[in-house]
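See below for the structure under consideration.
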Amino acid sequence: MAQPTVPTGPDRGDRAALAGDAVRRIMHIASAMRHYQDVEVAELGLTPAAARALHELDPDRPLPARDLAEQLRCDRSNVTALVDKLEQAGLVERRVDPTDRRQKTLVVTEAGRRMRDRVHQVMSDSRLLGGLTTDELATLSQLVWKVSDGGCPEQCGGE
């Protein structure tokens with residue numbers, strides 16, 4: 001079977017052009033992945049922001065809303081609205097922190113655990129990589145790890 005023709009990009013000797021081309025292509029892929037994720041998250045009855053918030057919560061470790069805001073890198077007032085939606089859907093509960101009764105923590109419910117698993121599946125969708133061989137996937141994975149490790153070792157460390 002003939003391999004598809006790979007379009008030529010910038011001259012291999014032009015490092016800046018190669019890097020720019022790679023960044024543009026990564027952004028294009030990220031945009032396509034985000035589109036597929038947003039559609040599937042909507043089918044679950046969640047907004048992309050609510051899905052991300054649920055995905056960030058560890059079901060085994062209750063978390064104050066202010067810590068979730070830090071993880072999401074957004075204002076606490078935005079997290080309040082997200083948590084309200086998740087709570088109304090029965091996916092999280094606000095509970096008094098047993099170690100500090102002045103503070104409430106976010107606890108993922110059993111329904112929230114199941115939904116979080118579904119959100120994780122959506123966020124792990126690899127349909128855009130279906131045309132790659134196993135060797136190509138291994139190479140891509142190594143390159144992405146190498147690039148991402150410098151920028152987000154805490155977030156990209158895996159689950």
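Labels for the structure tokens follow display order: chains A, B, ..., residues from 1 in each chain, ligands from 1.
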Report as JSON lines: every residue of segment 61-159 of chain A with an atom at most 10 Å from segment 29-40 of chain A, its closest pair of atoms, and their distance in Å to one decimal, counting only C-alpha atoms, with rows sorted by chain and ascending residue number.
```
{"residue": "A:Arg118", "atom": "CA", "partner": "A:Glu40", "partner_atom": "CA", "distance": 9.8}
{"residue": "A:Val119", "atom": "CA", "partner": "A:Glu40", "partner_atom": "CA", "distance": 8.7}
{"residue": "A:Gln121", "atom": "CA", "partner": "A:Gln37", "partner_atom": "CA", "distance": 9.7}
{"residue": "A:Val122", "atom": "CA", "partner": "A:Gln37", "partner_atom": "CA", "distance": 6.0}
{"residue": "A:Met123", "atom": "CA", "partner": "A:Gln37", "partner_atom": "CA", "distance": 6.3}
{"residue": "A:Ser124", "atom": "CA", "partner": "A:Gln37", "partner_atom": "CA", "distance": 9.0}
{"residue": "A:Asp125", "atom": "CA", "partner": "A:Gln37", "partner_atom": "CA", "distance": 7.9}
{"residue": "A:Ser126", "atom": "CA", "partner": "A:Met33", "partner_atom": "CA", "distance": 8.5}
{"residue": "A:Arg127", "atom": "CA", "partner": "A:Met33", "partner_atom": "CA", "distance": 8.8}
{"residue": "A:Leu128", "atom": "CA", "partner": "A:Met33", "partner_atom": "CA", "distance": 7.6}
{"residue": "A:Leu129", "atom": "CA", "partner": "A:Ile29", "partner_atom": "CA", "distance": 9.9}
```
Run DSSP on the backbone of this structure and report the residues of chain A it assigns to alpha helix (DSSP H), as a VMD selection string. chain A and resid 15 to 43 48 to 56 65 to 72 76 to 88 110 to 123 134 to 151
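Minimum atom-to-atom distances from A:Asp21, A:Glu56, A:Glu110, A:Asp117 to Leu44 of chain A were compared using only C-alpha atoms, and the lowest value belongs to A:Asp117.
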Contact table segment 8-117 of chain A vs segment 135-148 of chain A, cut-off 12 Å, shortest pair per residue, only C-alpha atoms, as a tab-separated table:
```
residue	atom	partner	partner_atom	distance
A:Ala19	CA	A:Val147	CA	12.0
A:Ala22	CA	A:Val144	CA	11.5
A:Val23	CA	A:Val147	CA	11.3
A:Ile26	CA	A:Val144	CA	10.1
```
Residue with the minimum atom-to-atom distance to Glu70 of chain A, picked from A:Val108, A:Ala50, A:Leu57, A:Val96 with only C-alpha atoms counted, is A:Leu57
Practice problem: With a distance cut-off of 8 Å and only C-alpha atoms, select the neighbouring residues of Leu82 of chain A, excluding the residue or stretch itself and same-chain residues fewer than 4 positions from it, and output the selection as an MDAnalysis selection string. | Solution: chainID A and resid 49:50 53 78 86
